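K.L.:
Sharing a structure, written as structure tokens. Questions coming.
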There are 2 protein chains.
Amino acid sequence: MTSPRPASPHPAGQHTVRRHNSALVLAAIADTPGISRASIAGRTGLTKATVSSLVERMLAAGLVTDSGPARREGPGRRGAALSLSETGPHGLGVEIGVDYLATCLVDLTGRMRSRLVRETDNRTEPTGRVLARTARAVRDALQEAEALGVRIGGIGVALPGLVESGSGVLRVAPNLGWRDVDVPGELRARLDLPALSILPGNEANFAALAELWAGGHDGLRDYVHVSGEVGIGAGIVVAGELFEGVRGFGGEIGHFSVDADGPACSCGSRGCLERLAGQESVLRRAGVPADGRPSEQLGELVRKLEHDDAAALAATASAGRWLGTALSDVVNLLDVPAVVLGGAYARLHPWLAGALVAELETRVMSAGFAPIRVVRSALGTEAAVRGAAGSAVRAIVADPESFVETG
Amino acid sequence: MTSPRPASPHPAGQHTVRRHNSALVLAAIADTPGISRASIAGRTGLTKATVSSLVERMLAAGLVTDSGPARREGPGRRGAALSLSETGPHGLGVEIGVDYLATCLVDLTGRMRSRLVRETDNRTEPTGRVLARTARAVRDALQEAEALGVRIGGIGVALPGLVESGSGVLRVAPNLGWRDVDVPGELRARLDLPALSILPGNEANFAALAELWAGGHDGLRDYVHVSGEVGIGAGIVVAGELFEGVRGFGGEIGHFSVDADGPACSCGSRGCLERLAGQESVLRRAGVPADGRPSEQLGELVRKLEHDDAAALAATASAGRWLGTALSDVVNLLDVPAVVLGGAYARLHPWLAGALVAELETRVMSAGFAPIRVVRSALGTEAAVRGAAGSAVRAIVADPESFVETG
């Protein structure tokens, strides 16, 4: 992902210090909702006067709310309770999926305020039409924010392909057939968003971040999150940080060569994991008719699985084996102790996990003495768009002064 | 790899400050051989008096030499020239290979002073005998240091398996058939090394670090280093730092499943890269007799390749294809822009690289717009033991005060 917002053009000095201190103060508030000014001072080492002055700026900009007396923190100590504002700037997430468009709004704490998914086959439409439809979806979400009475602080765009971290350009999205599309630029050209930052990124990376921020699975901080829809993507989180590769092109587990002589793939290679364990392959082998809408097809597959349909069970277990083979490579390479199954795989978990775990146990060198957790994402298919929106608000929390100045 | 040396037991305060400042000063000397005390003060922000006092301690401990007037750095400025001492503490590297034992000595700058390789099949011997032989090799290297008139500052041990970063225990080495061996502890029990730190690590990780420190290929700082001997290991370097996984078990590319239904592997899995592109597989397919010593067999393979022997060419190209398939997965996952071929692969590079590059170009999603460099390590089979020795001296340079105090 590209950096969310260019550094402010002011010279270093007093301004840089304030910027740094503002971020410290807001991080303390984000970490401990209901904290007092005195506690922030104690935690950050800043003077109470500095904390108060910075808090005033953030109250005025609507980033923070002051909800009366703080929880008691010791004998005789009381103070106003500060929290991230639920009515402060929201993050707008938009996801161009292969077969859907999704938008959502999250508040500064990352809580989802509204979400809209439209199923549409973005593969069969010209790029310009998909972008126009995406711009429309963003405009609708902006209106939704207006209806909720909140302003938008930034936009995150989740894309099913390789997004260059420097330029933000989508270099290739095989399942859309897109190459070199500057999605933020195209959206700006179609919308009136002069001051709003637009942060593009790979959908699997955003999904992995959403999982991190949701804090599930006992606060897991080292894992590979693998999400399966038409494509299969992975997001790698190590020590609570996303690892997206040197230029942002990492995590492309969908194009792991699991069967070197296997079927041709849209990426130009052969035997890619996507061809053997992607949603479309599973649906086809399970005998689910291809004419329904994607979510209906997945629902039909789940119904078959619940009724022990032999073809559905075999197709899902086969996907689990191939996925387990690829994930074994990931764990052998990166030594991450957990796998989070997201997207469609979260729904298929009960029928997929057994075969997947068996492959990990056979193929991972350290499995005998360092067991690998395989868990199911609670976020499901909304993870990517939620992560995109969350990234937009995280950028504000990480650098509130830039928001205060331009806001 | 485990941390090289436990923190000094002294309380924080003045001592902690000196420890920190010593490291700053020595880093400046290591970065800029011939630097003056005044330049160190300018660069570190320490006073000249502090720099002089710290330098005196390091001169006394033999870490630094003062070789008269420094190179001119500006009008009228002159000062003594400080460098890392070539006769200061040396690092002793020892590598337990599958079919050899190697030791080496490097000085504080990482320059190799001596190296000894003994070919021996460590697979057929009981663990205790291999460890006894390793202890003997370390003793010989200590005597070699004595003959050179230098002392040893630490020992690095390169191992062909998974070394747990916390405990330093070798959890598994499939090609040796070893499990849960505390190699440093076993060496201590056989040698009289009370004060010497012993730093165990995976051989492929040490090899990747040696490559980094050698600074070749225009100072490459993001790459996967893949070394092939009997086993195949990878070391991942990102932004000039080794990435070894959460518990130190990363880089096990040799057990990537490149042919899911392929031949059984000593790790318990099937179709691992090692079985299809490891040195023994290539030698066998090339028709090199299995009765010679390993280095003779590799030499025989190279002779056959130089004479365009069809079986040798086909075997090496096949290894290149499988290696390229596995490395495509690595690049798709981590987005590293370069591959360094080390160990036996460095020697086979001319006959291996073509097939390997062809796979990368087909299978890596970003290959079309972000080409991948494939380069040959200049260090060859000595990389791992050199990296082990280098890690021991790097630990001293990173924390000179601990050495000064115990030295």
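Residue numbering restarts at 1 in every chain; chains get A, B, ... in the order shown in the structure tokens, and ligands count up from 1 in that same order.
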What are the closest atom pairs, with distances in Å to one decimal, for each residue of chain B lying within 6 Å of chain A, using only C-alpha atoms, rows by chain and rising residue number, as a Markdown table?
P.N.:
```
| residue | atom | partner | partner_atom | distance |
| --- | --- | --- | --- | --- |
| B:Gly245 | CA | A:Asp335 | CA | 4.6 |
| B:Val246 | CA | A:Asp335 | CA | 5.7 |
| B:Phe249 | CA | A:Asp335 | CA | 5.4 |
| B:Gly250 | CA | A:Leu334 | CA | 4.6 |
| B:Gly251 | CA | A:Leu333 | CA | 4.3 |
| B:Glu252 | CA | A:Asn332 | CA | 5.0 |
| B:Phe256 | CA | A:Asp329 | CA | 5.1 |
| B:Ser269 | CA | A:Arg363 | CA | 5.1 |
| B:Asp329 | CA | A:Phe256 | CA | 5.1 |
| B:Asn332 | CA | A:Glu252 | CA | 5.0 |
| B:Leu333 | CA | A:Gly251 | CA | 4.3 |
| B:Leu334 | CA | A:Gly250 | CA | 4.6 |
| B:Asp335 | CA | A:Gly245 | CA | 4.6 |
| B:Val336 | CA | A:Val246 | CA | 6.0 |
| B:Thr362 | CA | A:Ser269 | CA | 5.5 |
| B:Arg363 | CA | A:Ser269 | CA | 5.1 |
```
K.L.:
Which residues come within 10 Å of Ala208 in chain A, counting only C-alpha atoms, excluding same-chain residues fewer than 2 positions away, as a VMD selection string?
P.N.:
chain A and resid 203 to 206 210 to 214 223 to 227 233 to 237 241 to 242 340 342 377 383 to 384 387
K.L.:
How would you write, as a ChimeraX atom specification, the set of residues in range 83-273 of chain A that DSSP gives as helix (DSSP H, G or I)?
P.N.:
/A:127-148,183-190,203-214,216-219,253-255,273
K.L.:
Take the residues that were just selected and, keeping N, CA and C atoms, output them as a short mmCIF file (atom, residue, chain, number, x, y, z; two decimals), in the first residue's frame.
P.N.:
```cif
data_model
loop_
_atom_site.label_atom_id
_atom_site.label_comp_id
_atom_site.auth_asym_id
_atom_site.auth_seq_id
_atom_site.Cartn_x
_atom_site.Cartn_y
_atom_site.Cartn_z
N THR A 127 -13.10 -2.11 -18.57
CA THR A 127 -12.51 -1.48 -17.38
C THR A 127 -13.20 -0.16 -17.04
N GLY A 128 -13.44 0.67 -18.08
CA GLY A 128 -14.05 1.98 -17.84
C GLY A 128 -15.41 1.87 -17.19
N ARG A 129 -16.17 0.86 -17.59
CA ARG A 129 -17.50 0.73 -17.02
C ARG A 129 -17.42 0.30 -15.55
N VAL A 130 -16.49 -0.61 -15.27
CA VAL A 130 -16.33 -1.05 -13.88
C VAL A 130 -15.89 0.13 -13.01
N LEU A 131 -14.98 0.96 -13.56
CA LEU A 131 -14.51 2.12 -12.79
C LEU A 131 -15.64 3.12 -12.57
N ALA A 132 -16.48 3.30 -13.59
CA ALA A 132 -17.61 4.22 -13.45
C ALA A 132 -18.56 3.70 -12.37
N ARG A 133 -18.79 2.40 -12.38
CA ARG A 133 -19.66 1.78 -11.38
C ARG A 133 -19.05 1.92 -9.98
N THR A 134 -17.71 1.78 -9.93
CA THR A 134 -17.03 1.93 -8.64
C THR A 134 -17.17 3.36 -8.13
N ALA A 135 -17.00 4.32 -9.04
CA ALA A 135 -17.14 5.73 -8.65
C ALA A 135 -18.55 5.99 -8.12
N ARG A 136 -19.52 5.37 -8.77
CA ARG A 136 -20.90 5.54 -8.33
C ARG A 136 -21.07 4.96 -6.92
N ALA A 137 -20.47 3.80 -6.70
CA ALA A 137 -20.57 3.18 -5.38
C ALA A 137 -19.92 4.06 -4.31
N VAL A 138 -18.80 4.69 -4.66
CA VAL A 138 -18.15 5.60 -3.71
C VAL A 138 -19.05 6.79 -3.44
N ARG A 139 -19.67 7.33 -4.50
CA ARG A 139 -20.57 8.48 -4.32
C ARG A 139 -21.74 8.11 -3.41
N ASP A 140 -22.28 6.91 -3.62
CA ASP A 140 -23.38 6.44 -2.76
C ASP A 140 -22.92 6.35 -1.30
N ALA A 141 -21.70 5.87 -1.11
CA ALA A 141 -21.19 5.73 0.26
C ALA A 141 -20.98 7.10 0.88
N LEU A 142 -20.55 8.07 0.07
CA LEU A 142 -20.39 9.44 0.58
C LEU A 142 -21.74 10.00 1.02
N GLN A 143 -22.77 9.68 0.23
CA GLN A 143 -24.12 10.15 0.60
C GLN A 143 -24.60 9.44 1.87
N GLU A 144 -24.27 8.18 1.96
CA GLU A 144 -24.61 7.42 3.18
C GLU A 144 -23.97 8.07 4.40
N ALA A 145 -22.71 8.51 4.24
CA ALA A 145 -22.02 9.18 5.35
C ALA A 145 -22.74 10.46 5.71
N GLU A 146 -23.17 11.18 4.67
CA GLU A 146 -23.90 12.43 4.92
C GLU A 146 -25.19 12.14 5.69
N ALA A 147 -25.88 11.06 5.26
CA ALA A 147 -27.12 10.68 5.95
C ALA A 147 -26.85 10.33 7.41
N LEU A 148 -25.69 9.72 7.66
CA LEU A 148 -25.32 9.37 9.04
C LEU A 148 -24.80 10.58 9.81
N VAL A 183 -6.12 3.21 -10.25
CA VAL A 183 -7.50 3.25 -9.77
C VAL A 183 -7.78 4.54 -8.99
N PRO A 184 -6.90 4.95 -8.05
CA PRO A 184 -7.19 6.22 -7.37
C PRO A 184 -7.33 7.39 -8.36
N GLY A 185 -6.45 7.46 -9.35
CA GLY A 185 -6.53 8.53 -10.34
C GLY A 185 -7.84 8.48 -11.12
N GLU A 186 -8.24 7.25 -11.50
CA GLU A 186 -9.48 7.09 -12.25
C GLU A 186 -10.69 7.49 -11.41
N LEU A 187 -10.64 7.19 -10.11
CA LEU A 187 -11.76 7.58 -9.24
C LEU A 187 -11.79 9.09 -9.05
N ARG A 188 -10.61 9.69 -8.87
CA ARG A 188 -10.56 11.15 -8.73
C ARG A 188 -11.14 11.84 -9.96
N ALA A 189 -10.83 11.27 -11.13
CA ALA A 189 -11.31 11.88 -12.38
C ALA A 189 -12.83 11.82 -12.47
N ARG A 190 -13.42 10.84 -11.78
CA ARG A 190 -14.87 10.66 -11.88
C ARG A 190 -15.63 11.25 -10.69
N GLU A 203 -6.33 -6.67 -1.97
CA GLU A 203 -7.45 -7.05 -1.10
C GLU A 203 -7.03 -8.03 -0.01
N ALA A 204 -6.12 -8.96 -0.35
CA ALA A 204 -5.73 -9.96 0.65
C ALA A 204 -4.94 -9.30 1.79
N ASN A 205 -4.16 -8.27 1.44
CA ASN A 205 -3.42 -7.56 2.49
C ASN A 205 -4.37 -6.79 3.41
N PHE A 206 -5.36 -6.14 2.80
CA PHE A 206 -6.35 -5.42 3.62
C PHE A 206 -7.12 -6.41 4.52
N ALA A 207 -7.46 -7.57 3.95
CA ALA A 207 -8.20 -8.55 4.74
C ALA A 207 -7.38 -9.02 5.93
N ALA A 208 -6.07 -9.23 5.71
CA ALA A 208 -5.20 -9.68 6.81
C ALA A 208 -5.11 -8.61 7.89
N LEU A 209 -5.10 -7.34 7.48
CA LEU A 209 -5.05 -6.25 8.46
C LEU A 209 -6.35 -6.16 9.25
N ALA A 210 -7.48 -6.35 8.56
CA ALA A 210 -8.76 -6.31 9.26
C ALA A 210 -8.79 -7.37 10.34
N GLU A 211 -8.27 -8.53 10.01
CA GLU A 211 -8.20 -9.63 10.97
C GLU A 211 -7.35 -9.23 12.19
N LEU A 212 -6.23 -8.59 11.91
CA LEU A 212 -5.34 -8.13 13.00
C LEU A 212 -6.07 -7.15 13.90
N TRP A 213 -6.73 -6.18 13.27
CA TRP A 213 -7.38 -5.13 14.04
C TRP A 213 -8.60 -5.65 14.80
N ALA A 214 -9.24 -6.70 14.26
CA ALA A 214 -10.38 -7.27 14.98
C ALA A 214 -9.90 -7.96 16.25
N GLY A 216 -9.04 -10.96 17.01
CA GLY A 216 -9.58 -12.27 17.36
C GLY A 216 -8.49 -13.30 17.65
N HIS A 217 -8.92 -14.51 17.96
CA HIS A 217 -8.00 -15.64 18.16
C HIS A 217 -6.94 -15.29 19.20
N ASP A 218 -7.38 -14.77 20.33
CA ASP A 218 -6.45 -14.41 21.42
C ASP A 218 -5.39 -13.42 20.98
N GLY A 219 -5.77 -12.49 20.12
CA GLY A 219 -4.82 -11.46 19.72
C GLY A 219 -3.64 -11.97 18.91
N ILE A 253 -0.19 -16.13 -3.13
CA ILE A 253 -0.24 -17.58 -2.94
C ILE A 253 -1.13 -18.25 -3.99
N GLY A 254 -2.07 -17.51 -4.54
CA GLY A 254 -2.97 -18.07 -5.56
C GLY A 254 -2.23 -18.56 -6.78
N HIS A 255 -1.01 -18.06 -6.97
CA HIS A 255 -0.23 -18.48 -8.14
C HIS A 255 0.97 -19.33 -7.74
N LEU A 273 -2.40 -22.66 -7.71
CA LEU A 273 -3.34 -23.03 -6.65
C LEU A 273 -4.76 -22.60 -6.97
#
```
K.L.:
Would you pick out the contacts of range 124-126 of chain A at 10 Å or less, using only C-alpha atoms, so that residues sharing its chain but fewer than 4 positions from it are not included, and give the list as a PDB file with N, CA and C atoms, in the first residue's frame?
P.N.:
```pdb
ATOM      1  N   VAL A  98     -13.781  -9.562  -8.018  1.00  0.00           N
ATOM      2  CA  VAL A  98     -13.915 -10.101  -9.373  1.00  0.00           C
ATOM      3  C   VAL A  98     -15.390 -10.171  -9.738  1.00  0.00           C
ATOM      4  N   ASP A  99     -16.245 -10.531  -8.765  1.00  0.00           N
ATOM      5  CA  ASP A  99     -17.665 -10.669  -9.072  1.00  0.00           C
ATOM      6  C   ASP A  99     -18.565  -9.890  -8.112  1.00  0.00           C
ATOM      7  N   THR A 120     -21.803  -8.270  -9.145  1.00  0.00           N
ATOM      8  CA  THR A 120     -21.732  -7.846 -10.545  1.00  0.00           C
ATOM      9  C   THR A 120     -20.500  -8.534 -11.112  1.00  0.00           C
ATOM     10  N   VAL A 130     -16.487  -0.609 -15.275  1.00  0.00           N
ATOM     11  CA  VAL A 130     -16.328  -1.050 -13.876  1.00  0.00           C
ATOM     12  C   VAL A 130     -15.890   0.131 -13.012  1.00  0.00           C
ATOM     13  N   LEU A 131     -14.982   0.963 -13.561  1.00  0.00           N
ATOM     14  CA  LEU A 131     -14.510   2.119 -12.791  1.00  0.00           C
ATOM     15  C   LEU A 131     -15.643   3.118 -12.569  1.00  0.00           C
ATOM     16  N   LEU A 176      -9.361 -10.042 -13.443  1.00  0.00           N
ATOM     17  CA  LEU A 176     -10.134  -8.984 -14.107  1.00  0.00           C
ATOM     18  C   LEU A 176      -9.635  -8.777 -15.535  1.00  0.00           C
ATOM     19  N   GLY A 177      -8.407  -9.249 -15.792  1.00  0.00           N
ATOM     20  CA  GLY A 177      -7.784  -8.964 -17.092  1.00  0.00           C
ATOM     21  C   GLY A 177      -7.300  -7.520 -17.179  1.00  0.00           C
ATOM     22  N   TRP A 178      -6.993  -6.908 -16.043  1.00  0.00           N
ATOM     23  CA  TRP A 178      -6.542  -5.510 -16.024  1.00  0.00           C
ATOM     24  C   TRP A 178      -5.027  -5.434 -15.914  1.00  0.00           C
TER      25      TRP A 178
END
```
K.L.:
Mind the document's chain letters and residue numbers, and return as a ChimeraX atom specification the residues of range 105-268 of chain A that DSSP labels strand (DSSP E).
P.N.:
/A:105-106,112-119,152-159,162-163,170-173,178-181,198-202,223-228,232-238,241-243
K.L.:
Just give me the gap between CA of Leu59 in chain A and CA of Asn21 in chain A in Å, one decimal is fine.
P.N.:
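Spanning CA of Leu59 in chain A to CA of Asn21 in chain A is a straight-line distance of 15.3 Å.
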K.L.:
For range 276-288 of chain A, list every protein, DNA or RNA residue within 8 Å, evaluated using only C-alpha atoms, and leave out those in the same chain fewer than 2 positions away; present the list as an mmCIF file with all heavy atoms, in the first residue's frame.
P.N.:
```cif
data_model
loop_
_atom_site.group_PDB
_atom_site.id
_atom_site.type_symbol
_atom_site.label_atom_id
_atom_site.label_comp_id
_atom_site.auth_asym_id
_atom_site.auth_seq_id
_atom_site.Cartn_x
_atom_site.Cartn_y
_atom_site.Cartn_z
ATOM 1 N N GLY A 228 -10.163 -16.898 0.044
ATOM 2 C CA GLY A 228 -10.501 -17.486 -1.251
ATOM 3 C C GLY A 228 -11.820 -16.968 -1.756
ATOM 4 O O GLY A 228 -12.825 -17.031 -1.064
ATOM 5 N N GLU A 229 -11.784 -16.406 -2.944
ATOM 6 C CA GLU A 229 -13.005 -16.055 -3.681
ATOM 7 C C GLU A 229 -12.723 -16.631 -5.060
ATOM 8 O O GLU A 229 -12.310 -17.778 -5.155
ATOM 9 C CB GLU A 229 -13.185 -14.530 -3.749
ATOM 10 C CG GLU A 229 -12.919 -13.796 -2.452
ATOM 11 C CD GLU A 229 -14.094 -13.836 -1.476
ATOM 12 O OE1 GLU A 229 -15.242 -13.862 -1.924
ATOM 13 O OE2 GLU A 229 -13.846 -13.857 -0.255
ATOM 14 N N VAL A 230 -12.906 -15.845 -6.115
ATOM 15 C CA VAL A 230 -12.468 -16.349 -7.414
ATOM 16 C C VAL A 230 -10.947 -16.511 -7.379
ATOM 17 O O VAL A 230 -10.394 -17.534 -7.748
ATOM 18 C CB VAL A 230 -12.901 -15.403 -8.552
ATOM 19 C CG1 VAL A 230 -12.312 -15.863 -9.870
ATOM 20 C CG2 VAL A 230 -14.418 -15.351 -8.627
ATOM 21 N N GLY A 231 -10.276 -15.473 -6.910
ATOM 22 C CA GLY A 231 -8.835 -15.575 -6.717
ATOM 23 C C GLY A 231 -8.528 -16.038 -5.299
ATOM 24 O O GLY A 231 -9.411 -16.120 -4.451
ATOM 25 N N ILE A 232 -7.266 -16.360 -5.069
ATOM 26 C CA ILE A 232 -6.827 -16.714 -3.723
ATOM 27 C C ILE A 232 -5.671 -15.796 -3.384
ATOM 28 O O ILE A 232 -4.703 -15.714 -4.141
ATOM 29 C CB ILE A 232 -6.353 -18.180 -3.651
ATOM 30 C CG1 ILE A 232 -7.478 -19.137 -4.065
ATOM 31 C CG2 ILE A 232 -5.874 -18.525 -2.243
ATOM 32 C CD1 ILE A 232 -7.047 -20.595 -4.129
ATOM 33 N N GLY A 271 -0.875 -24.847 -13.400
ATOM 34 C CA GLY A 271 -0.978 -25.563 -12.130
ATOM 35 C C GLY A 271 -0.999 -24.663 -10.922
ATOM 36 O O GLY A 271 -0.604 -25.071 -9.824
ATOM 37 N N CYS A 272 -1.481 -23.428 -11.098
ATOM 38 C CA CYS A 272 -1.556 -22.508 -9.964
ATOM 39 C C CYS A 272 -2.625 -22.970 -8.966
ATOM 40 O O CYS A 272 -3.640 -23.556 -9.354
ATOM 41 C CB CYS A 272 -1.892 -21.100 -10.439
ATOM 42 S SG CYS A 272 -0.586 -20.371 -11.446
ATOM 43 N N LEU A 273 -2.403 -22.659 -7.712
ATOM 44 C CA LEU A 273 -3.340 -23.030 -6.649
ATOM 45 C C LEU A 273 -4.764 -22.597 -6.971
ATOM 46 O O LEU A 273 -5.714 -23.341 -6.731
ATOM 47 C CB LEU A 273 -2.871 -22.400 -5.326
ATOM 48 C CG LEU A 273 -3.765 -22.666 -4.111
ATOM 49 C CD1 LEU A 273 -3.790 -24.142 -3.753
ATOM 50 C CD2 LEU A 273 -3.315 -21.833 -2.911
ATOM 51 N N GLU A 274 -4.907 -21.387 -7.524
ATOM 52 C CA GLU A 274 -6.240 -20.875 -7.847
ATOM 53 C C GLU A 274 -7.040 -21.807 -8.744
ATOM 54 O O GLU A 274 -8.255 -21.916 -8.614
ATOM 55 C CB GLU A 274 -6.098 -19.532 -8.571
ATOM 56 C CG GLU A 274 -6.440 -18.365 -7.700
ATOM 57 C CD GLU A 274 -6.214 -17.032 -8.384
ATOM 58 O OE1 GLU A 274 -6.568 -16.876 -9.575
ATOM 59 O OE2 GLU A 274 -5.659 -16.167 -7.721
ATOM 60 N N ALA A 290 -23.536 -23.181 -12.684
ATOM 61 C CA ALA A 290 -22.730 -21.962 -12.801
ATOM 62 C C ALA A 290 -23.572 -20.742 -13.122
ATOM 63 O O ALA A 290 -23.035 -19.653 -13.314
ATOM 64 C CB ALA A 290 -21.655 -22.162 -13.866
ATOM 65 N N GLN A 297 -24.344 -19.419 -5.345
ATOM 66 C CA GLN A 297 -23.607 -20.643 -5.659
ATOM 67 C C GLN A 297 -22.884 -21.165 -4.422
ATOM 68 O O GLN A 297 -22.871 -22.364 -4.153
ATOM 69 C CB GLN A 297 -22.591 -20.379 -6.779
ATOM 70 C CG GLN A 297 -23.241 -20.098 -8.131
ATOM 71 C CD GLN A 297 -22.188 -19.808 -9.199
ATOM 72 O OE1 GLN A 297 -21.176 -20.480 -9.266
ATOM 73 N NE2 GLN A 297 -22.435 -18.802 -10.012
ATOM 74 N N LEU A 298 -22.269 -20.252 -3.675
ATOM 75 C CA LEU A 298 -21.555 -20.674 -2.471
ATOM 76 C C LEU A 298 -22.553 -21.245 -1.455
ATOM 77 O O LEU A 298 -22.287 -22.274 -0.818
ATOM 78 C CB LEU A 298 -20.781 -19.489 -1.877
ATOM 79 C CG LEU A 298 -19.852 -19.818 -0.712
ATOM 80 C CD1 LEU A 298 -18.767 -20.813 -1.118
ATOM 81 C CD2 LEU A 298 -19.188 -18.540 -0.162
ATOM 82 N N GLU A 300 -25.326 -22.710 -2.168
ATOM 83 C CA GLU A 300 -25.738 -24.019 -2.684
ATOM 84 C C GLU A 300 -24.674 -25.071 -2.329
ATOM 85 O O GLU A 300 -24.996 -26.193 -1.926
ATOM 86 C CB GLU A 300 -25.932 -23.925 -4.204
ATOM 87 C CG GLU A 300 -26.179 -25.231 -4.926
ATOM 88 C CD GLU A 300 -27.458 -25.939 -4.477
ATOM 89 O OE1 GLU A 300 -28.310 -25.283 -3.848
ATOM 90 O OE2 GLU A 300 -27.566 -27.166 -4.725
ATOM 91 N N LEU A 301 -23.406 -24.694 -2.463
ATOM 92 C CA LEU A 301 -22.315 -25.620 -2.097
ATOM 93 C C LEU A 301 -22.419 -25.992 -0.612
ATOM 94 O O LEU A 301 -22.323 -27.174 -0.248
ATOM 95 C CB LEU A 301 -20.950 -24.984 -2.400
ATOM 96 C CG LEU A 301 -19.724 -25.790 -1.934
ATOM 97 C CD1 LEU A 301 -19.654 -27.147 -2.621
ATOM 98 C CD2 LEU A 301 -18.431 -25.009 -2.182
ATOM 99 N N ALA A 311 -19.966 -35.492 -4.072
ATOM 100 C CA ALA A 311 -19.154 -34.673 -4.983
ATOM 101 C C ALA A 311 -18.710 -33.382 -4.292
ATOM 102 O O ALA A 311 -17.554 -32.939 -4.436
ATOM 103 C CB ALA A 311 -19.940 -34.349 -6.247
ATOM 104 N N ALA A 312 -19.605 -32.781 -3.527
ATOM 105 C CA ALA A 312 -19.267 -31.534 -2.834
ATOM 106 C C ALA A 312 -18.193 -31.778 -1.779
ATOM 107 O O ALA A 312 -17.238 -30.999 -1.641
ATOM 108 C CB ALA A 312 -20.521 -30.939 -2.195
ATOM 109 N N LEU A 313 -18.346 -32.888 -1.043
ATOM 110 C CA LEU A 313 -17.353 -33.210 -0.013
ATOM 111 C C LEU A 313 -15.988 -33.465 -0.638
ATOM 112 O O LEU A 313 -14.959 -32.976 -0.153
ATOM 113 C CB LEU A 313 -17.796 -34.444 0.794
ATOM 114 C CG LEU A 313 -19.003 -34.228 1.722
ATOM 115 C CD1 LEU A 313 -19.505 -35.571 2.269
ATOM 116 C CD2 LEU A 313 -18.647 -33.292 2.882
ATOM 117 N N ALA A 314 -15.970 -34.210 -1.749
ATOM 118 C CA ALA A 314 -14.698 -34.533 -2.406
ATOM 119 C C ALA A 314 -14.052 -33.278 -2.970
ATOM 120 O O ALA A 314 -12.832 -33.077 -2.854
ATOM 121 C CB ALA A 314 -14.927 -35.562 -3.512
ATOM 122 N N ALA A 315 -14.862 -32.408 -3.575
ATOM 123 C CA ALA A 315 -14.316 -31.185 -4.177
ATOM 124 C C ALA A 315 -13.721 -30.278 -3.103
ATOM 125 O O ALA A 315 -12.641 -29.690 -3.279
ATOM 126 C CB ALA A 315 -15.414 -30.441 -4.939
ATOM 127 N N THR A 316 -14.413 -30.177 -1.969
ATOM 128 C CA THR A 316 -13.940 -29.285 -0.904
ATOM 129 C C THR A 316 -12.696 -29.864 -0.228
ATOM 130 O O THR A 316 -11.737 -29.135 0.058
ATOM 131 C CB THR A 316 -15.063 -29.045 0.116
ATOM 132 O OG1 THR A 316 -16.241 -28.639 -0.599
ATOM 133 C CG2 THR A 316 -14.697 -27.964 1.103
ATOM 134 N N SER A 318 -10.561 -31.807 -1.641
ATOM 135 C CA SER A 318 -9.458 -31.663 -2.599
ATOM 136 C C SER A 318 -8.878 -30.255 -2.536
ATOM 137 O O SER A 318 -7.655 -30.067 -2.524
ATOM 138 C CB SER A 318 -9.967 -31.990 -4.008
ATOM 139 O OG SER A 318 -9.012 -31.602 -4.968
ATOM 140 N N ALA A 319 -9.769 -29.265 -2.472
ATOM 141 C CA ALA A 319 -9.295 -27.884 -2.337
ATOM 142 C C ALA A 319 -8.487 -27.735 -1.051
ATOM 143 O O ALA A 319 -7.440 -27.067 -1.033
ATOM 144 C CB ALA A 319 -10.481 -26.920 -2.340
ATOM 145 N N GLY A 320 -8.955 -28.375 0.011
ATOM 146 C CA GLY A 320 -8.235 -28.317 1.282
ATOM 147 C C GLY A 320 -6.844 -28.914 1.170
ATOM 148 O O GLY A 320 -5.876 -28.377 1.720
ATOM 149 N N TRP A 322 -4.965 -29.154 -1.622
ATOM 150 C CA TRP A 322 -4.092 -28.264 -2.406
ATOM 151 C C TRP A 322 -3.726 -27.012 -1.618
ATOM 152 O O TRP A 322 -2.595 -26.540 -1.642
ATOM 153 C CB TRP A 322 -4.758 -27.882 -3.733
ATOM 154 C CG TRP A 322 -4.810 -28.997 -4.730
ATOM 155 C CD1 TRP A 322 -5.927 -29.569 -5.251
ATOM 156 C CD2 TRP A 322 -3.692 -29.676 -5.342
ATOM 157 N NE1 TRP A 322 -5.582 -30.561 -6.139
ATOM 158 C CE2 TRP A 322 -4.225 -30.649 -6.212
ATOM 159 C CE3 TRP A 322 -2.300 -29.572 -5.221
ATOM 160 C CZ2 TRP A 322 -3.414 -31.503 -6.975
ATOM 161 C CZ3 TRP A 322 -1.489 -30.412 -5.976
ATOM 162 C CH2 TRP A 322 -2.042 -31.364 -6.840
ATOM 163 N N LEU A 323 -4.718 -26.496 -0.911
ATOM 164 C CA LEU A 323 -4.458 -25.311 -0.100
ATOM 165 C C LEU A 323 -3.444 -25.646 0.991
ATOM 166 O O LEU A 323 -2.511 -24.862 1.260
ATOM 167 C CB LEU A 323 -5.783 -24.844 0.514
ATOM 168 C CG LEU A 323 -5.812 -23.483 1.179
ATOM 169 C CD1 LEU A 323 -5.405 -22.374 0.214
ATOM 170 C CD2 LEU A 323 -7.223 -23.191 1.710
ATOM 171 N N ALA A 344 -14.348 -17.048 1.344
ATOM 172 C CA ALA A 344 -15.181 -18.240 1.191
ATOM 173 C C ALA A 344 -14.632 -19.402 2.020
ATOM 174 O O ALA A 344 -15.390 -20.263 2.481
ATOM 175 C CB ALA A 344 -15.247 -18.635 -0.284
#
```
